[in-house]
>>> print(open('protein-v3.cif').read())   # mmCIF, C-alpha atoms
data_coords
loop_
_atom_site.label_atom_id
_atom_site.label_comp_id
_atom_site.auth_asym_id
_atom_site.auth_seq_id
_atom_site.Cartn_x
_atom_site.Cartn_y
_atom_site.Cartn_z
CA MET A 28 -3.98 -12.58 -12.30
CA ALA A 29 -1.12 -13.67 -14.50
CA GLY A 30 0.88 -16.75 -13.57
CA GLY A 31 4.26 -18.14 -14.39
CA SER A 32 6.01 -21.42 -13.65
CA ASP A 33 9.31 -19.74 -12.75
CA LEU A 34 7.87 -17.20 -10.29
CA ALA A 35 7.78 -19.58 -7.31
CA GLU A 36 11.52 -20.12 -7.59
CA MET A 37 12.39 -16.43 -7.72
CA LEU A 38 9.82 -14.37 -5.84
CA SER A 39 7.94 -14.21 -2.54
CA CYS A 40 4.38 -13.06 -1.94
CA VAL A 41 4.21 -9.33 -1.15
CA ARG A 42 1.66 -9.98 1.60
CA CYS A 43 2.70 -13.17 3.38
CA GLY A 44 6.17 -14.06 2.11
CA LYS A 45 5.23 -17.47 0.73
CA PRO A 46 6.44 -18.57 -2.71
CA ALA A 47 4.64 -16.49 -5.34
CA HIS A 48 2.89 -18.06 -8.32
CA LEU A 49 0.94 -15.03 -9.53
CA GLN A 50 1.55 -11.44 -10.57
CA CYS A 51 -0.66 -8.35 -10.51
CA PRO A 52 -1.76 -7.81 -14.14
CA LYS A 53 -1.84 -4.02 -13.73
CA CYS A 54 1.77 -4.03 -12.54
CA MET A 55 2.70 -6.10 -15.58
CA GLU A 56 0.87 -3.64 -17.84
CA LEU A 57 2.77 -0.74 -16.27
CA LYS A 58 6.03 -2.73 -16.47
CA LEU A 59 6.68 -2.42 -12.74
CA PRO A 60 9.26 -4.58 -10.92
CA ARG A 61 8.05 -8.14 -10.41
CA GLU A 62 9.20 -8.18 -6.77
CA GLY A 63 6.43 -5.77 -5.77
CA ALA A 64 3.76 -7.46 -7.86
CA ALA A 65 4.04 -11.09 -6.75
CA PHE A 66 1.32 -12.93 -4.80
CA CYS A 67 0.90 -16.54 -3.76
CA THR A 68 -2.91 -16.74 -4.20
CA GLN A 69 -5.90 -14.71 -5.32
CA ASP A 70 -6.89 -14.36 -1.66
CA CYS A 71 -3.61 -12.64 -0.79
CA PHE A 72 -3.96 -10.40 -3.83
CA LYS A 73 -7.51 -9.36 -2.88
CA ALA A 74 -6.54 -8.77 0.76
CA SER A 75 -3.69 -6.49 -0.35
CA TRP A 76 -5.57 -4.63 -3.06
CA SER A 77 -6.59 -1.53 -1.07
CA SER A 78 -2.94 -0.70 -0.33
CA HIS A 79 -1.30 -2.32 -3.37
CA LYS A 80 -3.23 -0.23 -5.92
CA SER A 81 -1.39 2.91 -4.74
CA VAL A 82 1.69 1.48 -6.48
CA HIS A 83 -0.10 1.94 -9.80
CA LEU A 84 -0.91 5.57 -9.04
CA LYS A 85 2.69 6.31 -8.07
CA ALA A 86 3.90 4.80 -11.33
CA ARG A 87 1.51 6.93 -13.38
CA LEU A 88 2.44 10.14 -11.58
CA SER A 89 6.16 9.43 -11.95
CA SER A 90 5.84 8.94 -15.68
CA LEU A 91 3.46 11.82 -16.35
CA GLY A 92 4.92 14.77 -14.46
CA THR A 93 3.38 18.27 -14.48
CA ASP A 94 3.49 21.36 -16.68
CA THR A 95 4.50 24.85 -15.53
CA ALA A 96 1.01 25.62 -14.25
CA GLY A 97 0.99 22.49 -12.11
CA GLU A 98 -1.68 20.86 -14.28
CA GLN A 99 -1.19 17.13 -14.54
CA LYS A 100 -0.86 15.72 -18.02
CA SER A 101 -2.59 12.48 -17.33
CA ASP A 102 -5.47 10.18 -18.05
CA LEU A 103 -6.24 9.90 -14.32
CA ALA A 104 -9.52 11.72 -14.94
CA SER A 105 -10.84 8.63 -16.69
CA GLU A 106 -10.38 6.76 -13.41
CA GLY A 107 -12.12 9.41 -11.31
CA TRP A 108 -9.09 11.54 -10.36
CA LEU A 109 -10.23 15.15 -10.73
CA TYR A 110 -9.58 18.58 -9.21
CA CYS A 111 -11.94 19.67 -6.46
CA LEU A 112 -14.13 22.80 -6.69
CA ARG A 113 -17.00 24.45 -4.77
CA LYS A 114 -16.25 23.01 -1.34
CA GLY A 115 -16.30 19.48 -2.72
CA GLN A 116 -19.54 19.75 -4.69
CA SER A 117 -17.88 19.94 -8.11
CA ARG A 118 -14.94 18.40 -10.00
CA THR A 119 -12.93 19.41 -13.07
CA PRO A 120 -10.23 17.64 -15.12
CA LYS A 121 -8.13 20.83 -15.34
CA CYS A 122 -6.21 22.65 -12.65
CA PRO A 123 -8.20 25.82 -11.87
CA HIS A 124 -6.70 29.26 -12.45
CA PHE A 125 -5.68 31.10 -9.30
CA ASP A 126 -3.17 33.67 -8.11
CA TRP A 127 -1.19 31.18 -6.05
CA THR A 128 0.61 32.73 -3.08
CA GLY A 129 3.32 30.06 -2.71
CA THR A 130 4.85 27.16 -4.61
CA LEU A 131 2.25 24.53 -3.68
CA ARG A 132 -0.44 23.57 -6.21
CA PRO A 133 -3.51 21.33 -6.00
CA TYR A 134 -3.44 17.90 -7.61
CA PRO A 135 -6.36 15.67 -8.64
CA ILE A 136 -8.20 13.85 -5.87
CA SER A 137 -9.47 10.27 -5.93
CA VAL A 138 -13.09 9.19 -5.71
CA LYS A 139 -14.88 9.20 -2.37
CA ARG A 140 -13.90 6.28 -0.16
CA ILE A 141 -16.53 3.78 0.91
CA VAL A 142 -17.69 3.33 4.51
CA PRO A 143 -19.24 -0.07 5.30
CA ALA A 144 -22.93 -0.13 6.14
CA TYR A 145 -22.32 -1.54 9.63
CA ILE A 146 -20.40 1.58 10.73
CA ASP A 147 -22.45 4.08 12.78
CA LYS A 148 -22.42 7.38 10.86
CA PRO A 149 -23.04 11.05 11.65
CA ASP A 150 -26.06 12.64 10.01
CA TRP A 151 -24.06 14.29 7.19
CA ALA A 152 -22.47 11.06 5.95
CA ASP A 153 -24.94 10.41 3.13
CA ASP A 154 -25.83 13.85 1.74
CA GLY A 155 -23.14 16.15 3.13
CA ILE A 156 -25.55 18.26 5.20
CA PRO A 157 -25.46 18.30 9.03
CA LYS A 158 -29.00 18.31 10.42
CA VAL A 159 -28.70 18.40 14.22
CA GLU A 160 -25.66 20.67 14.53
CA PRO A 161 -27.00 24.00 13.09
CA ASN A 162 -29.97 24.19 15.47
CA SER A 163 -28.42 22.51 18.48
CA ASP A 164 -28.33 24.24 21.86
CA LEU A 165 -24.65 23.29 21.89
CA GLN A 166 -24.06 26.17 19.46
CA HIS A 167 -24.64 28.50 22.40
CA HIS A 168 -23.28 26.71 25.45
CA VAL A 169 -20.82 23.97 26.38
CA GLU A 170 -22.58 20.98 27.88
CA ILE A 171 -21.41 19.19 30.98
CA LYS A 172 -21.02 15.62 29.87
CA THR A 173 -22.32 12.66 31.84
CA PRO A 174 -19.91 9.99 33.13
CA ASP A 175 -21.03 7.74 30.26
CA GLN A 176 -20.36 10.45 27.68
CA ILE A 177 -16.95 11.12 29.21
CA GLU A 178 -15.97 7.46 28.94
CA ARG A 179 -17.10 7.44 25.31
CA MET A 180 -15.06 10.59 24.70
CA ARG A 181 -11.99 8.94 26.22
CA GLU A 182 -12.44 5.86 24.06
CA THR A 183 -13.04 7.84 20.89
CA CYS A 184 -10.10 10.17 21.48
CA ARG A 185 -7.84 7.17 22.10
CA ILE A 186 -8.92 5.76 18.73
CA ALA A 187 -8.30 9.12 17.05
CA ARG A 188 -4.79 9.21 18.53
CA GLU A 189 -4.04 5.71 17.26
CA VAL A 190 -5.30 6.64 13.80
CA LEU A 191 -3.16 9.80 13.68
CA ASP A 192 -0.12 7.78 14.79
CA ALA A 193 -0.76 5.36 11.92
CA ALA A 194 -0.77 8.32 9.52
CA ALA A 195 2.43 9.71 11.05
CA ARG A 196 4.25 6.45 10.35
CA MET A 197 3.45 6.91 6.64
CA ILE A 198 5.09 10.30 6.26
CA ARG A 199 8.23 10.37 4.11
CA PRO A 200 9.26 11.74 0.70
CA GLY A 201 7.41 10.10 -2.19
CA VAL A 202 4.20 9.28 -0.31
CA THR A 203 1.07 11.03 -1.60
CA THR A 204 -1.36 12.73 0.75
CA ASP A 205 -4.06 10.52 -0.77
CA GLU A 206 -2.18 7.50 0.54
CA ILE A 207 -2.15 9.09 3.99
CA ASP A 208 -5.90 9.62 3.70
CA GLN A 209 -6.34 5.96 2.77
CA VAL A 210 -4.47 4.88 5.91
CA VAL A 211 -6.60 7.21 8.07
CA HIS A 212 -9.80 5.94 6.44
CA GLU A 213 -8.98 2.26 6.80
CA ALA A 214 -7.56 2.57 10.33
CA THR A 215 -10.68 4.44 11.49
CA ILE A 216 -13.03 1.83 10.07
CA ALA A 217 -10.90 -0.99 11.49
CA LYS A 218 -11.56 0.51 14.94
CA GLY A 219 -15.31 0.68 14.25
CA GLY A 220 -15.34 4.46 13.76
CA TYR A 221 -16.36 6.89 11.03
CA PRO A 222 -13.86 9.50 9.72
CA SER A 223 -15.77 12.65 10.72
CA PRO A 224 -14.46 14.97 7.95
CA LEU A 225 -15.75 12.69 5.18
CA ASN A 226 -18.64 14.49 3.43
CA TYR A 227 -18.98 17.07 6.24
CA HIS A 228 -20.40 20.00 4.23
CA PHE A 229 -19.18 17.94 1.23
CA PHE A 230 -15.52 17.73 2.30
CA PRO A 231 -14.32 14.94 0.01
CA LYS A 232 -11.77 13.10 2.17
CA SER A 233 -11.36 11.36 5.52
CA CYS A 234 -8.74 13.71 7.00
CA CYS A 235 -7.10 17.05 6.28
CA THR A 236 -3.50 17.19 5.04
CA SER A 237 -2.07 20.72 5.10
CA VAL A 238 1.34 21.05 3.44
CA ASN A 239 3.77 24.00 3.74
CA GLU A 240 1.80 27.25 3.21
CA VAL A 241 -1.57 25.59 3.83
CA ILE A 242 -2.92 26.77 7.18
CA CYS A 243 -5.73 24.23 7.49
CA HIS A 244 -8.28 22.05 5.67
CA GLY A 245 -5.94 20.87 2.92
CA ILE A 246 -7.53 18.12 0.81
CA PRO A 247 -5.54 14.89 0.35
CA ASP A 248 -4.62 14.47 -3.31
CA ALA A 249 -2.14 12.89 -5.72
CA ARG A 250 0.81 15.14 -4.84
CA LYS A 251 3.88 13.33 -3.52
CA LEU A 252 5.46 14.69 -0.37
CA GLU A 253 8.89 16.17 -1.05
CA ASP A 254 12.03 16.27 1.03
CA GLY A 255 11.89 19.46 3.12
CA ASP A 256 8.09 19.74 3.29
CA ILE A 257 6.14 20.09 6.51
CA ILE A 258 2.69 18.51 6.71
CA ASN A 259 -0.15 18.73 9.21
CA VAL A 260 -2.51 15.77 9.44
CA ASP A 261 -5.84 16.53 11.13
CA VAL A 262 -7.89 13.52 12.23
CA THR A 263 -11.38 13.41 13.71
CA VAL A 264 -13.14 10.14 14.56
CA TYR A 265 -16.86 9.64 15.19
CA TYR A 266 -17.51 6.69 17.49
CA LYS A 267 -20.36 5.84 19.85
CA GLY A 268 -22.04 9.17 19.15
CA VAL A 269 -19.09 11.47 19.97
CA HIS A 270 -16.11 12.95 18.12
CA GLY A 271 -12.40 12.88 19.01
CA ASP A 272 -10.27 15.53 17.26
CA LEU A 273 -6.50 16.12 17.10
CA ASN A 274 -3.73 17.06 14.71
CA GLU A 275 0.04 17.32 14.50
CA THR A 276 2.55 18.84 12.08
CA TYR A 277 5.38 16.61 10.86
CA PHE A 278 8.71 16.96 9.09
CA VAL A 279 9.21 15.31 5.70
CA GLY A 280 12.84 14.27 5.35
CA ASN A 281 15.40 17.04 5.86
CA VAL A 282 13.60 20.25 6.84
CA ASP A 283 15.21 23.70 7.06
CA GLU A 284 15.87 25.26 10.46
CA ALA A 285 13.22 27.99 10.09
CA SER A 286 10.52 25.38 9.50
CA ARG A 287 11.74 23.32 12.44
CA LYS A 288 11.51 26.36 14.71
CA LEU A 289 8.02 27.15 13.39
CA VAL A 290 6.74 23.66 14.13
CA GLN A 291 8.32 23.54 17.58
CA CYS A 292 6.96 27.01 18.41
CA THR A 293 3.45 25.89 17.45
CA TYR A 294 3.76 22.77 19.58
CA GLU A 295 4.87 24.88 22.53
CA CYS A 296 1.94 27.26 22.00
CA LEU A 297 -0.44 24.34 22.46
CA GLU A 298 1.41 23.13 25.55
CA LYS A 299 1.30 26.60 27.13
CA ALA A 300 -2.42 26.94 26.36
CA ILE A 301 -3.07 23.60 28.07
CA SER A 302 -1.08 24.73 31.12
CA VAL A 303 -3.29 27.82 31.34
CA GLY A 304 -6.31 25.51 31.36
CA ASN A 305 -4.85 23.71 34.35
CA LYS A 306 -4.74 27.03 36.23
CA ALA A 307 -8.23 28.23 35.22
CA VAL A 308 -10.35 25.91 37.33
CA GLY A 309 -13.71 27.54 37.97
CA VAL A 310 -13.91 29.36 34.62
CA MET A 311 -15.07 26.22 32.88
CA LYS A 312 -16.97 23.42 34.54
CA ALA A 313 -15.81 19.89 35.25
CA GLY A 314 -17.23 17.55 32.61
CA GLN A 315 -16.96 20.01 29.72
CA THR A 316 -14.82 19.08 26.71
CA PHE A 317 -13.19 21.36 24.16
CA SER A 318 -10.24 21.51 21.79
CA ILE A 319 -7.30 23.88 21.48
CA GLU A 320 -5.81 24.32 18.00
CA PRO A 321 -3.13 27.00 17.49
CA MET A 322 -2.21 27.77 13.87
CA ILE A 323 1.00 29.76 13.61
CA ASN A 324 2.20 31.41 10.39
CA ALA A 325 5.84 32.24 9.64
CA GLY A 326 4.75 35.51 8.02
CA VAL A 327 1.53 37.52 7.97
CA TRP A 328 -1.66 36.35 9.69
CA ARG A 329 -3.89 36.93 6.66
CA ASP A 330 -5.16 33.99 4.61
CA GLN A 331 -6.65 33.23 1.22
CA MET A 332 -8.83 30.37 -0.01
CA TRP A 333 -8.02 28.05 -2.89
CA PRO A 334 -10.67 27.44 -5.58
CA ASP A 335 -11.61 24.15 -3.89
CA GLY A 336 -13.36 26.22 -1.19
CA TRP A 337 -11.60 24.42 1.68
CA THR A 338 -7.84 24.94 1.51
CA ALA A 339 -6.81 28.02 3.53
CA ILE A 340 -3.34 29.30 2.63
CA THR A 341 -1.10 32.06 3.96
CA ALA A 342 -1.52 35.31 2.02
CA ASP A 343 2.26 35.68 1.61
CA GLY A 344 2.98 32.05 0.72
CA LYS A 345 5.06 31.45 3.85
CA ARG A 346 4.69 28.29 5.88
CA SER A 347 2.18 27.55 8.60
CA ALA A 348 1.99 24.89 11.33
CA GLN A 349 -0.69 23.72 13.75
CA PHE A 350 -1.29 21.28 16.60
CA GLU A 351 -4.51 20.25 18.34
CA HIS A 352 -5.72 18.30 21.35
CA THR A 353 -9.17 17.49 22.71
CA LEU A 354 -9.41 18.21 26.44
CA LEU A 355 -11.69 17.32 29.35
CA VAL A 356 -12.16 19.78 32.20
CA THR A 357 -11.72 18.07 35.59
CA GLU A 358 -12.05 19.29 39.18
CA THR A 359 -8.32 20.01 39.29
CA GLY A 360 -7.51 21.14 35.74
CA VAL A 361 -7.71 19.45 32.37
CA GLU A 362 -7.16 15.93 31.05
CA VAL A 363 -5.66 15.66 27.54
CA LEU A 364 -7.89 13.04 25.95
CA THR A 365 -5.80 12.84 22.77
CA ALA A 366 -2.41 12.74 24.51
CA ARG A 367 0.51 10.95 22.87
CA LEU A 368 0.89 7.29 23.79
CA PRO A 369 4.03 5.31 24.67
CA SER A 370 3.60 3.71 21.24
CA SER A 371 3.32 7.05 19.39
CA PRO A 372 6.10 7.49 16.80
CA ASN A 373 9.16 9.39 17.94
CA VAL A 374 9.03 12.33 15.52
CA PHE A 375 9.55 15.45 17.65
CA PRO A 376 13.21 15.80 18.72
CA TRP A 377 12.53 18.49 21.34
CA LEU A 378 10.50 16.00 23.41
CA HIS A 379 13.68 14.06 24.21
CA LYS A 380 16.06 16.87 25.15
#
>>> encode(input="protein-v3.cif", output="structure tokens")
Amino acid sequence: MAGGSDLAEMLSCVRCGKPAHLQCPKCMELKLPREGAAFCTQDCFKASWSSHKSVHLKARLSSLGTDTAGEQKSDLASEGWLYCLRKGQSRTPKCPHFDWTGTLRPYPISVKRIVPAYIDKPDWADDGIPKVEPNSDLQHHVEIKTPDQIERMRETCRIAREVLDAAARMIRPGVTTDEIDQVVHEATIAKGGYPSPLNYHFFPKSCCTSVNEVICHGIPDARKLEDGDIINVDVTVYYKGVHGDLNETYFVGNVDEASRKLVQCTYECLEKAISVGNKAVGVMKAGQTFSIEPMINAGVWRDQMWPDGWTAITADGKRSAQFEHTLLVTETGVEVLTARLPSSPNVFPWLHK
């Protein structure tokens, strides 16, 4: 790192607030403001690197822009930022041709994030291919979980909720969906879990981020969220041999009334479905777990698939929203394992009317 004798008098460390003697050399190269590049020691710099490096990406994207086809004019490819193809099994430096249905376009995605060796992983983590799932008896019936499995489900779903809440706190104009994915990835690992989507059938990221006309399975990339967007973040955590799955759709800045109604309608659809579950005791058995995940489109129900092989979009380019909870069937109804916590961010105005 670069140093300077006058830095300590003027600047504070980005990480700890102590007097700063050093500056990030990449920030200096990009001519970024010194206030966001100052660190007191190499240790603070290294500890902040995983989050600090996103500043460099933002600077590049701001200076590079896009052409009319949405293809980024950048050298990001040299650093591993490429467009995704073939369900995650291929990459290309150019934006693929497609008859886009709405205004959204794909952006390059970053390289696959690393999971530490000490984290327990599902069987697709290394090669992208699930082994147990395709031939499992659970493809044909819903098991009744043991008390131990239920406790592990509760614990895992609680972690998944905390991870999603961490992602929700990131959402605002100017943040990239890749940055959201980074938060999900790091928060999951910090809890001792594995981000289930990562490399599942070669899915390249640790969560799904579905913006505007994307119905589901949007891939986090270098696009910045814009004022007026809506975004769904779908999180699944693998921990102690079980998965906890949930998602929510959020507002980005000032969102139009039609989009607000769409998101609230989708939320209410999930709530009504859960209330039906509470009245259907005897249809399912106590100890079974399942998820409910309504996806509601503002226009037609039909969908199309982007060239990446994952991103499902509305056929008419209109917006879509979704919500999801994981549920446990009890003797008297259902328990929402991924329910919002007292600490969950206050982002849905209708919950406080």
>>> residues_around(input="protein-v3.cif", residues="region 106-110 of chain A", least_positions_apart="5", cutoff="6 Å", atoms="all atoms listed in the file", output="JSON list (two decimals) with C-alpha atoms, in the frame of the given file")
[["chain", "number", "residue", "atom", "x", "y", "z"],
["A", 118, "ARG", "CA", -14.94, 18.40, -10.00],
["A", 119, "THR", "CA", -12.93, 19.41, -13.07],
["A", 120, "PRO", "CA", -10.23, 17.64, -15.12],
["A", 135, "PRO", "CA", -6.36, 15.67, -8.64],
["A", 136, "ILE", "CA", -8.20, 13.85, -5.87],
["A", 137, "SER", "CA", -9.47, 10.27, -5.93],
["A", 138, "VAL", "CA", -13.09, 9.19, -5.71]]
>>> residues_around(input="protein-v3.cif", residues="Leu355 (chain A)", least_positions_apart="5", cutoff="6 Å", atoms="only C-alpha atoms", output="list of chain:residue names")
A:Gln315, A:Thr316, A:Val361, A:Glu362
>>> residues_around(input="protein-v3.cif", residues="Ile242 (chain A)", least_positions_apart="5", cutoff="7 Å", atoms="only C-alpha atoms", output="PDB file with C-alpha atoms, in the frame of the given file")
ATOM      1  CA  SER A 237      -2.070  20.720   5.100  1.00  0.00           C
ATOM      2  CA  MET A 322      -2.210  27.770  13.870  1.00  0.00           C
ATOM      3  CA  ALA A 339      -6.810  28.020   3.530  1.00  0.00           C
ATOM      4  CA  ILE A 340      -3.340  29.300   2.630  1.00  0.00           C
ATOM      5  CA  THR A 341      -1.100  32.060   3.960  1.00  0.00           C
ATOM      6  CA  SER A 347       2.180  27.550   8.600  1.00  0.00           C
ATOM      7  CA  ALA A 348       1.990  24.890  11.330  1.00  0.00           C
TER       8      ALA A 348
END
>>> atom_distance(input="protein-v3.cif", atom1="CA of Pro143 (chain A)", atom2="CA of Gln209 (chain A)")
14.5 Å
>>> atom_distance(input="protein-v3.cif", atom1="CA of Ile323 (chain A)", atom2="CA of Gln349 (chain A)")
6.3 Å
>>> residues_around(input="protein-v3.cif", residues="Gly63 (chain A)", least_positions_apart="4", cutoff="9 Å", atoms="only C-alpha atoms", output="PyMOL selection string")
chain A and resi 40-41+50-51+54+59+79+82
>>> axis_aligned_box(input="protein-v3.cif", around="region 292-297 of chain A", padding_each_side="8 Å", output="JSON")
{"center_x": 3.3, "center_y": 25.0, "center_z": 20.0, "size_x": 23.4, "size_y": 20.5, "size_z": 21.1}
>>> decode(input="protein-v3.cif", residues="region 154-167 of chain A", atoms="N, CA, C and O atoms", output="CSV table (one decimal), in the first residue's frame")
chain,number,residue,atom,x,y,z
A,154,ASP,N,-18.7,-30.2,-8.4
A,154,ASP,CA,-18.8,-30.4,-9.9
A,154,ASP,C,-20.1,-29.9,-10.5
A,154,ASP,O,-20.3,-30.1,-11.7
A,155,GLY,N,-21.0,-29.4,-9.7
A,155,GLY,CA,-22.2,-28.8,-10.2
A,155,GLY,C,-23.3,-29.9,-10.4
A,155,GLY,O,-24.4,-29.5,-10.9
A,156,ILE,N,-23.1,-31.1,-10.1
A,156,ILE,CA,-24.1,-32.2,-10.4
A,156,ILE,C,-24.6,-32.8,-9.1
A,156,ILE,O,-23.8,-33.5,-8.3
A,157,PRO,N,-25.9,-32.7,-8.8
A,157,PRO,CA,-26.5,-33.3,-7.6
A,157,PRO,C,-26.4,-34.9,-7.8
A,157,PRO,O,-26.8,-35.3,-8.9
A,158,LYS,N,-26.0,-35.6,-6.8
A,158,LYS,CA,-26.0,-37.1,-6.9
A,158,LYS,C,-27.1,-37.8,-6.2
A,158,LYS,O,-27.8,-38.7,-6.8
A,159,VAL,N,-27.4,-37.4,-5.0
A,159,VAL,CA,-28.5,-38.0,-4.2
A,159,VAL,C,-29.9,-37.6,-4.7
A,159,VAL,O,-30.8,-38.5,-4.8
A,160,GLU,N,-30.1,-36.4,-5.0
A,160,GLU,CA,-31.4,-35.8,-5.2
A,160,GLU,C,-32.1,-36.5,-6.4
A,160,GLU,O,-33.3,-36.9,-6.2
A,161,PRO,N,-31.6,-36.8,-7.6
A,161,PRO,CA,-32.3,-37.3,-8.7
A,161,PRO,C,-33.0,-38.7,-8.4
A,161,PRO,O,-34.1,-39.0,-8.9
A,162,ASN,N,-32.3,-39.5,-7.6
A,162,ASN,CA,-32.8,-40.9,-7.4
A,162,ASN,C,-33.4,-41.0,-6.0
A,162,ASN,O,-33.7,-42.2,-5.6
A,163,SER,N,-33.6,-39.9,-5.3
A,163,SER,CA,-34.0,-40.0,-3.9
A,163,SER,C,-35.5,-40.4,-3.8
A,163,SER,O,-36.3,-39.9,-4.7
A,164,ASP,N,-35.9,-41.1,-2.8
A,164,ASP,CA,-37.3,-41.4,-2.6
A,164,ASP,C,-38.1,-40.1,-2.3
A,164,ASP,O,-39.4,-40.1,-2.5
A,165,LEU,N,-37.4,-39.1,-1.9
A,165,LEU,CA,-38.1,-37.8,-1.6
A,165,LEU,C,-38.6,-37.1,-2.9
A,165,LEU,O,-39.3,-36.1,-2.8
A,166,GLN,N,-38.3,-37.6,-4.0
A,166,GLN,CA,-38.8,-37.1,-5.3
A,166,GLN,C,-40.3,-37.5,-5.4
A,166,GLN,O,-41.1,-36.9,-6.2
A,167,HIS,N,-40.7,-38.5,-4.6
A,167,HIS,CA,-42.0,-39.1,-4.8
A,167,HIS,C,-42.9,-39.0,-3.6
A,167,HIS,O,-44.1,-39.2,-3.6
